[in-house]
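Data block for input-v7.tsv (TSV, C-alpha atoms and all ligand atoms):
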chain	number	residue	atom	x	y	z
N	11	MET	CA	-6.34	9.88	9.80
N	12	LYS	CA	-9.63	10.60	11.51
N	13	LEU	CA	-11.66	11.07	8.32
N	14	LEU	CA	-10.62	7.61	7.17
N	15	GLN	CA	-11.22	5.94	10.53
N	16	ASP	CA	-14.70	7.46	10.72
N	17	ARG	CA	-15.47	6.22	7.23
N	18	ILE	CA	-14.23	2.72	8.01
N	19	ARG	CA	-16.45	2.68	11.11
N	20	GLN	CA	-19.39	3.90	9.06
N	21	ASP	CA	-19.04	1.93	5.82
N	22	GLY	CA	-16.44	-0.79	6.40
N	23	GLU	CA	-17.72	-4.31	6.93
N	24	ALA	CA	-15.68	-6.72	8.99
N	25	LEU	CA	-16.57	-10.00	7.32
N	26	SER	CA	-14.69	-11.84	10.06
N	27	SER	CA	-12.02	-10.98	12.62
N	28	HIS	CA	-9.52	-10.91	9.72
N	29	VAL	CA	-11.13	-9.57	6.53
N	30	LEU	CA	-12.39	-6.02	6.14
N	31	LYS	CA	-14.62	-5.20	3.17
N	32	VAL	CA	-14.20	-1.60	2.02
N	33	ASP	CA	-15.43	-1.85	-1.52
N	34	SER	CA	-18.12	0.81	-1.23
N	35	PHE	CA	-15.48	3.57	-0.79
N	36	LEU	CA	-11.87	2.32	-1.15
N	37	ASN	CA	-11.41	-0.57	-3.54
N	38	HIS	CA	-14.31	-1.13	-5.90
N	39	GLN	CA	-16.45	2.00	-5.86
N	40	VAL	CA	-13.94	4.67	-4.85
N	41	ASP	CA	-14.58	7.89	-2.93
N	42	SER	CA	-12.46	10.21	-5.03
N	43	ALA	CA	-12.32	13.08	-2.52
N	44	LEU	CA	-11.27	10.71	0.27
N	45	THR	CA	-8.66	9.18	-2.06
N	46	MET	CA	-7.18	12.62	-2.80
N	47	ALA	CA	-7.10	13.37	0.96
N	48	ILE	CA	-5.25	10.08	1.49
N	49	GLY	CA	-2.70	11.15	-1.12
N	50	GLN	CA	-2.27	14.49	0.68
N	51	ALA	CA	-1.75	12.70	3.99
N	52	PHE	CA	1.04	10.51	2.57
N	53	ALA	CA	2.60	13.52	0.86
N	54	ALA	CA	2.54	15.45	4.15
N	55	GLU	CA	4.26	12.56	5.94
N	56	PHE	CA	6.97	11.90	3.35
N	57	GLY	CA	7.14	15.25	1.52
N	58	ALA	CA	10.53	16.20	2.99
N	59	GLU	CA	12.13	13.03	1.64
N	60	ARG	CA	12.69	14.20	-1.95
N	61	VAL	CA	10.64	11.32	-3.34
N	62	THR	CA	11.16	10.81	-7.10
N	63	LYS	CA	8.69	7.94	-7.69
N	64	VAL	CA	5.71	6.43	-5.93
N	65	LEU	CA	5.44	2.65	-6.34
N	66	THR	CA	2.40	0.43	-5.85
N	67	ILE	CA	1.00	-2.89	-7.05
N	68	GLU	CA	-2.01	-3.40	-9.31
N	69	ALA	CA	-4.89	-3.04	-8.92
N	70	SER	CA	-6.11	-1.79	-5.57
N	71	GLY	CA	-3.10	0.43	-4.81
N	72	ILE	CA	-3.23	2.38	-8.06
N	73	HIS	CA	-5.59	5.22	-7.15
N	74	PHE	CA	-3.80	5.83	-3.84
N	75	ALA	CA	-0.45	5.94	-5.61
N	76	LEU	CA	-1.89	8.37	-8.16
N	77	ALA	CA	-3.28	10.66	-5.46
N	78	THR	CA	0.04	10.57	-3.58
N	79	ALA	CA	2.06	11.17	-6.72
N	80	VAL	CA	-0.11	14.13	-7.71
N	81	ALA	CA	0.37	15.63	-4.24
N	82	LEU	CA	4.15	15.13	-4.47
N	83	GLY	CA	4.40	16.21	-8.13
N	84	VAL	CA	6.16	12.99	-9.25
N	85	PRO	CA	5.28	9.97	-11.44
N	86	PHE	CA	3.98	6.74	-10.02
N	87	ILE	CA	4.61	3.16	-11.12
N	88	TYR	CA	2.33	0.21	-10.59
N	89	ALA	CA	3.97	-3.17	-10.47
N	90	LYS	CA	2.24	-5.69	-12.74
N	91	LYS	CA	1.07	-8.99	-11.38
N	92	LYS	CA	2.25	-11.15	-14.23
N	93	LYS	CA	4.49	-10.66	-17.19
N	94	ALA	CA	2.38	-8.92	-19.82
N	95	ILE	CA	2.95	-9.34	-23.53
N	96	THR	CA	3.84	-5.65	-23.87
N	97	LEU	CA	6.56	-5.93	-21.23
N	98	THR	CA	9.36	-7.14	-23.46
N	99	GLU	CA	12.22	-5.27	-21.83
N	100	ASP	CA	14.19	-6.32	-18.76
N	101	LEU	CA	12.20	-6.57	-15.55
N	102	TYR	CA	12.73	-6.45	-11.84
N	103	SER	CA	10.62	-9.35	-10.64
N	104	VAL	CA	9.60	-11.08	-7.43
N	105	PRO	CA	6.99	-13.73	-6.47
N	106	VAL	CA	4.28	-12.41	-4.12
N	107	HIS	CA	1.59	-14.40	-2.34
N	108	SER	CA	-1.85	-12.78	-2.31
N	109	PHE	CA	-3.65	-12.85	1.05
N	110	THR	CA	-7.10	-12.33	-0.45
N	111	ARG	CA	-6.76	-14.63	-3.47
N	112	GLY	CA	-4.63	-17.38	-1.97
N	113	GLU	CA	-2.42	-17.39	-5.10
N	114	THR	CA	1.19	-16.49	-5.87
N	115	PHE	CA	1.82	-13.90	-8.61
N	116	ASN	CA	5.00	-12.86	-10.30
N	117	VAL	CA	5.17	-9.11	-9.66
N	118	SER	CA	7.32	-7.06	-11.99
N	119	VAL	CA	8.45	-3.55	-12.91
N	120	SER	CA	10.31	-2.56	-16.07
N	121	LYS	CA	13.95	-1.64	-15.47
N	122	ARG	CA	13.33	1.46	-17.61
N	123	TYR	CA	11.29	3.11	-14.85
N	124	LEU	CA	13.26	2.50	-11.66
N	125	SER	CA	16.98	2.97	-11.14
N	126	ALA	CA	19.64	3.61	-8.50
N	127	THR	CA	19.09	7.37	-8.66
N	128	ASP	CA	15.45	7.10	-7.53
N	129	ARG	CA	14.02	7.79	-4.08
N	130	VAL	CA	10.92	5.63	-3.79
N	131	LEU	CA	7.81	5.81	-1.63
N	132	ILE	CA	5.77	2.58	-1.67
N	133	VAL	CA	2.01	2.92	-1.16
N	134	ASP	CA	-0.67	0.23	-0.94
N	135	ASP	CA	-4.25	-0.16	0.22
N	136	PHE	CA	-3.73	-2.74	2.99
N	137	LEU	CA	-0.88	-3.87	5.21
N	138	ALA	CA	-1.90	-7.36	6.32
N	139	THR	CA	0.63	-10.20	6.10
N	140	GLY	CA	3.10	-7.73	4.58
N	141	ASP	CA	3.86	-9.96	1.59
N	142	ALA	CA	2.82	-7.42	-1.05
N	143	LEU	CA	4.88	-4.63	0.52
N	144	LEU	CA	7.86	-6.93	1.11
N	145	GLY	CA	7.68	-7.85	-2.58
N	146	LEU	CA	7.65	-4.20	-3.63
N	147	ARG	CA	10.52	-3.52	-1.23
N	148	GLU	CA	12.47	-6.33	-2.93
N	149	ILE	CA	11.87	-4.71	-6.32
N	150	VAL	CA	13.27	-1.43	-4.98
N	151	THR	CA	16.29	-3.32	-3.63
N	152	GLN	CA	16.86	-4.97	-7.02
N	153	SER	CA	16.82	-1.55	-8.70
N	154	GLY	CA	19.36	-0.06	-6.28
N	155	ALA	CA	16.98	2.85	-5.56
N	156	HIS	CA	16.62	4.32	-2.07
N	157	LEU	CA	13.45	3.29	-0.22
N	158	VAL	CA	12.11	6.34	1.60
N	159	GLY	CA	9.19	4.60	3.31
N	160	LEU	CA	5.97	2.65	3.12
N	161	GLY	CA	2.47	4.08	3.26
N	162	ALA	CA	-0.50	1.81	3.95
N	163	VAL	CA	-4.04	3.14	3.81
N	164	VAL	CA	-5.37	0.48	6.21
N	165	GLU	CA	-3.16	-1.56	8.51
N	166	LYS	CA	-4.52	-4.65	10.22
N	167	SER	CA	-2.15	-4.35	13.15
N	168	PHE	CA	-3.15	-7.74	14.54
N	169	GLN	CA	-1.49	-9.42	11.55
N	170	GLU	CA	2.24	-9.85	11.21
N	171	GLY	CA	2.94	-7.44	8.32
N	172	ARG	CA	4.08	-4.42	10.33
N	173	SER	CA	6.58	-6.34	12.44
N	174	LYS	CA	8.01	-8.13	9.39
N	175	LEU	CA	8.51	-4.81	7.63
N	176	GLU	CA	9.79	-3.01	10.74
N	177	ALA	CA	12.45	-5.71	10.98
N	178	THR	CA	13.84	-4.43	7.66
N	179	GLY	CA	14.32	-0.97	9.21
N	180	VAL	CA	11.95	0.84	6.85
N	181	ARG	CA	9.77	3.77	7.94
N	182	ILE	CA	6.07	2.82	7.90
N	183	HIS	CA	3.11	5.17	7.99
N	184	SER	CA	-0.41	3.72	8.09
N	185	LEU	CA	-3.42	6.03	8.00
N	186	ALA	CA	-5.81	3.73	9.89
N	187	ARG	CA	-4.41	1.05	12.19
N	188	ILE	CA	-6.95	-1.58	13.18
N	189	LYS	CA	-6.23	-3.17	16.53
N	190	SER	CA	-9.05	-5.69	16.35
N	191	MET	CA	-12.34	-6.19	14.59
N	192	SER	CA	-15.48	-8.28	14.53
N	193	PRO	CA	-18.68	-7.97	12.48
N	194	ASP	CA	-20.10	-5.43	14.95
N	195	HIS	CA	-17.02	-3.56	16.19
N	196	ILE	CA	-13.80	-2.09	14.79
N	197	GLU	CA	-11.15	-0.85	17.22
N	198	PHE	CA	-8.30	1.40	16.07
N	199	ILE	CA	-4.89	2.05	17.53
N	200	GLU	CA	-5.33	5.76	18.07
N	201	GLU	CA	-2.83	8.09	16.47
N	202	THR	CA	-0.50	9.96	18.80
N	203	ALA	CA	0.24	12.73	16.29
N	204	ALA	CA	-2.30	14.67	14.23
N	301	LIG	P1	-0.62	-8.47	2.43
N	301	LIG	O1	-1.18	-9.66	3.15
N	301	LIG	O2	0.40	-8.85	1.42
N	301	LIG	O3	-0.11	-7.42	3.39
N	301	LIG	O4	-1.85	-7.82	1.65
N	301	LIG	C1	-1.96	-8.01	0.27
N	301	LIG	C2	-3.18	-7.41	-0.32
N	301	LIG	O5	-4.30	-8.14	0.12
N	301	LIG	C3	-3.48	-5.97	0.03
N	301	LIG	O6	-2.83	-5.08	-0.82
N	301	LIG	C4	-4.98	-5.91	-0.18
N	301	LIG	O7	-5.27	-5.64	-1.52
N	301	LIG	C5	-5.42	-7.30	0.18
N	301	LIG	N1	-5.98	-7.39	1.54
N	301	LIG	C6	-5.37	-7.87	2.64
N	301	LIG	N2	-6.22	-7.86	3.69
N	301	LIG	C7	-7.38	-7.34	3.23
N	301	LIG	C8	-8.65	-7.06	3.85
N	301	LIG	O8	-8.90	-7.29	5.05
N	301	LIG	N3	-9.61	-6.52	3.05
N	301	LIG	C9	-9.39	-6.24	1.73
N	301	LIG	N4	-10.40	-5.67	1.05
N	301	LIG	N5	-8.20	-6.49	1.11
N	301	LIG	C10	-7.21	-7.04	1.87

Before anything else, please render the file you have as structure tokens.
Amino acid sequence: MKLLQDRIRQDGEALSSHVLKVDSFLNHQVDSALTMAIGQAFAAEFGAERVTKVLTIEASGIHFALATAVALGVPFIYAKKKKAITLTEDLYSVPVHSFTRGETFNVSVSKRYLSATDRVLIVDDFLATGDALLGLREIVTQSGAHLVGLGAVVEKSFQEGRSKLEATGVRIHSLARIKSMSPDHIEFIEETAA
């Protein structure tokens, strides 16, 4: 997605060769028009798949899941990072290690909102080690729903996440794929299709 790549080049800050700061437009202050365009891009990619729910993980995936769900005309669910007091019903649950925080969270979704009749599109902000998306995939597996695909806004292609997820056979669509980065340069894997 050229608009997104241009914005990452302009406003993204590679803090090191591994960590990209995007909190002026993607995950702290949020560019709402860009977020809606991101939702449209995921909807265009997966729109033929009869998606019934979009699934993400709190907090930084939520606005992208909302934008995607609006574009597809379906609800979205955000998995919670620990069992909240209000979640008293049965849960699908999986431990997920957080790349940025260095902690392991219990990620859960109420069984009321995901079932075997659903067709699920998972969306998240980053694909890095793949642990967050593998955790969400496991929740979909527990529910018996059909996983249509995974959408990542930014993929750090030099990390192992994509290959771990590809090994599960799932369709992956990332809007900006970073081949390598350093504090003064970000190189993308160019898209072959529009
Ligand atoms: P994972 O390593 O499981 O693929 O990524 C988990 C989460 O870590 C992502 O959803 C994202 O919130 C965060 N994350 C991973 N790499 C980066 C990064 O380079 N920059 C930022 N801002 N967040 C990241």

Item to complete: Please identify the residues whose atoms come within 6 Å of ligand LIG 301 (chain N), using only C-alpha atoms and all ligand atoms, and report them as number ranges by chain.
Response: N: 28-32, 70, 108-110, 134-142, 171

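Nearest to Val130 in chain N of all the residues N:Val61, N:Ile182, N:Val80, N:Ala162 is N:Val61, counting all atoms listed in the file.
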
- Could you give me, as a PyMOL selection string, the residues within 12 Å of Leu76 in chain N, counting all atoms listed in the file and dropping anything in the same chain fewer than 2 positions from it? chain N and resi 42+45-50+52-53+63-74+78-88+131-134

Subject >> N:Arg147, N:Lys189, N:Lys92, N:His183 ranked by distance to Ser167 in chain N, top pick (using only C-alpha atoms) >> reply: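 Closest to Ser167 in chain N, using only C-alpha atoms: N:Lys189.
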
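CA of Gly145 in chain N lies 29.0 Å from CA of Lys12 in chain N.
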
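Note that CA of Leu144 in chain N and CA of Leu175 in chain N are 6.9 Å apart.
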
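As for CA of Val40 in chain N and CA of Pro193 in chain N, they are spaced 22.0 Å apart.
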
Could you give me, as a PyMOL selection string, the residues within 9 Å of Val180 in chain N, counting only C-alpha atoms and dropping anything in the same chain fewer than 3 positions from it?
chain N and resi 157-160+175-177

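Take the candidates N:Thr178, N:Leu14, N:Leu143, N:Ala89 and check each one against Ser118 in chain N using only C-alpha atoms; the shortest distance goes to N:Ala89.
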
Using all atoms listed in the file, which of N:Ala43, N:Ala51, N:Val119, N:Leu124 sits nearest Val163 in chain N?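 The answer is N:Ala51, which sits nearest to Val163 in chain N.
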
Enclose range 182-187 of chain N, meaning all of its atoms listed in the file, in a box aligned along x, y and z, pad it by 5 Å on each side, and list the centre and edge lengths in Å to one decimal, as lines of an AutoDock Vina configuration file.
center_x = 0.1
center_y = 3.5
center_z = 10.0
size_x = 21.9
size_y = 15.0
size_z = 14.3

Counting all atoms listed in the file, closest pick from N:Arg19, N:Leu146, N:Ala75, N:Ser120 relative to Val106 in chain N is N:Leu146

Practice task
Give the answer as one residue: which of N:Ile149, N:Gly57, N:Ser26, N:Glu200 has the shortest atom-to-atom distance to Leu101 in chain N, using all atoms listed in the file?
Solution key: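 Among the listed residues, N:Ile149 lies closest to Leu101 in chain N.
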
Save range 48-88 of chain N of the structure in the block above to a file, with N, CA and C atoms included, as a compact mmCIF listing (two decimals), in the first residue's frame.
# COMPACT_ATOMS: atom_id res chain seq x y z
N ILE N 48 -6.71 1.86 5.34
CA ILE N 48 -6.15 0.54 5.68
C ILE N 48 -7.28 -0.49 5.77
N GLY N 49 -8.37 -0.09 6.41
CA GLY N 49 -9.53 -0.99 6.50
C GLY N 49 -10.08 -1.33 5.12
N GLN N 50 -10.13 -0.34 4.24
CA GLN N 50 -10.61 -0.57 2.86
C GLN N 50 -9.68 -1.53 2.13
N ALA N 51 -8.39 -1.38 2.36
CA ALA N 51 -7.42 -2.25 1.67
C ALA N 51 -7.59 -3.71 2.12
N PHE N 52 -7.78 -3.93 3.41
CA PHE N 52 -8.00 -5.32 3.87
C PHE N 52 -9.33 -5.85 3.33
N ALA N 53 -10.33 -4.99 3.32
CA ALA N 53 -11.65 -5.42 2.82
C ALA N 53 -11.57 -5.77 1.34
N ALA N 54 -10.77 -5.01 0.58
CA ALA N 54 -10.63 -5.30 -0.85
C ALA N 54 -9.94 -6.64 -1.05
N GLU N 55 -8.97 -6.93 -0.20
CA GLU N 55 -8.21 -8.18 -0.34
C GLU N 55 -9.06 -9.40 0.05
N PHE N 56 -9.84 -9.27 1.12
CA PHE N 56 -10.54 -10.45 1.66
C PHE N 56 -12.06 -10.39 1.47
N GLY N 57 -12.52 -9.38 0.74
CA GLY N 57 -13.97 -9.14 0.63
C GLY N 57 -14.76 -10.29 0.02
N ALA N 58 -14.11 -11.10 -0.82
CA ALA N 58 -14.83 -12.21 -1.47
C ALA N 58 -14.97 -13.42 -0.56
N GLU N 59 -14.40 -13.34 0.63
CA GLU N 59 -14.30 -14.53 1.49
C GLU N 59 -15.47 -14.71 2.46
N ARG N 60 -16.51 -13.91 2.31
CA ARG N 60 -17.69 -14.00 3.18
C ARG N 60 -17.30 -13.99 4.67
N VAL N 61 -16.47 -13.01 5.01
CA VAL N 61 -16.03 -12.84 6.41
C VAL N 61 -17.25 -12.51 7.28
N THR N 62 -17.35 -13.17 8.45
CA THR N 62 -18.45 -12.83 9.38
C THR N 62 -17.96 -12.04 10.59
N LYS N 63 -16.67 -12.18 10.93
CA LYS N 63 -16.11 -11.43 12.07
C LYS N 63 -14.66 -11.07 11.77
N VAL N 64 -14.28 -9.89 12.22
CA VAL N 64 -12.87 -9.50 12.20
C VAL N 64 -12.36 -9.64 13.64
N LEU N 65 -11.18 -10.23 13.80
CA LEU N 65 -10.62 -10.46 15.14
C LEU N 65 -9.28 -9.78 15.26
N THR N 66 -9.07 -9.09 16.39
CA THR N 66 -7.76 -8.50 16.67
C THR N 66 -7.45 -8.67 18.15
N ILE N 67 -6.36 -8.04 18.59
CA ILE N 67 -5.95 -8.13 19.99
C ILE N 67 -5.78 -6.71 20.52
N GLU N 68 -6.20 -6.47 21.77
CA GLU N 68 -6.05 -5.13 22.31
C GLU N 68 -4.58 -4.83 22.56
N ALA N 69 -4.16 -3.57 22.47
CA ALA N 69 -4.96 -2.42 22.12
C ALA N 69 -4.65 -1.93 20.70
N SER N 70 -3.45 -2.17 20.22
CA SER N 70 -3.05 -1.46 19.01
C SER N 70 -3.62 -2.02 17.72
N GLY N 71 -4.37 -3.13 17.79
CA GLY N 71 -5.04 -3.62 16.58
C GLY N 71 -6.47 -3.11 16.44
N ILE N 72 -7.00 -2.50 17.51
CA ILE N 72 -8.44 -2.25 17.56
C ILE N 72 -8.94 -1.32 16.45
N HIS N 73 -8.25 -0.21 16.23
CA HIS N 73 -8.77 0.74 15.23
C HIS N 73 -8.67 0.18 13.81
N PHE N 74 -7.67 -0.69 13.58
CA PHE N 74 -7.58 -1.30 12.24
C PHE N 74 -8.68 -2.35 12.05
N ALA N 75 -8.99 -3.07 13.12
CA ALA N 75 -10.08 -4.04 13.04
C ALA N 75 -11.41 -3.31 12.83
N LEU N 76 -11.59 -2.20 13.53
CA LEU N 76 -12.83 -1.42 13.35
C LEU N 76 -12.96 -0.95 11.91
N ALA N 77 -11.89 -0.36 11.37
CA ALA N 77 -11.95 0.16 10.00
C ALA N 77 -12.22 -0.96 9.00
N THR N 78 -11.62 -2.13 9.23
CA THR N 78 -11.83 -3.27 8.34
C THR N 78 -13.26 -3.79 8.46
N ALA N 79 -13.73 -3.87 9.69
CA ALA N 79 -15.09 -4.38 9.93
C ALA N 79 -16.14 -3.44 9.34
N VAL N 80 -15.91 -2.14 9.45
CA VAL N 80 -16.85 -1.18 8.85
C VAL N 80 -16.89 -1.41 7.33
N ALA N 81 -15.70 -1.56 6.73
CA ALA N 81 -15.63 -1.74 5.27
C ALA N 81 -16.30 -3.04 4.84
N LEU N 82 -16.25 -4.06 5.69
CA LEU N 82 -16.85 -5.36 5.34
C LEU N 82 -18.31 -5.46 5.81
N GLY N 83 -18.74 -4.54 6.67
CA GLY N 83 -20.11 -4.57 7.18
C GLY N 83 -20.35 -5.70 8.17
N VAL N 84 -19.33 -6.00 9.00
CA VAL N 84 -19.46 -7.09 9.99
C VAL N 84 -18.97 -6.57 11.35
N PRO N 85 -19.25 -7.31 12.44
CA PRO N 85 -18.69 -6.92 13.74
C PRO N 85 -17.21 -7.25 13.84
N PHE N 86 -16.55 -6.62 14.81
CA PHE N 86 -15.19 -7.07 15.12
C PHE N 86 -15.10 -7.41 16.59
N ILE N 87 -14.13 -8.26 16.92
CA ILE N 87 -13.89 -8.68 18.30
C ILE N 87 -12.44 -8.33 18.63
N TYR N 88 -12.20 -7.78 19.80
CA TYR N 88 -10.80 -7.67 20.22
C TYR N 88 -10.55 -8.60 21.39
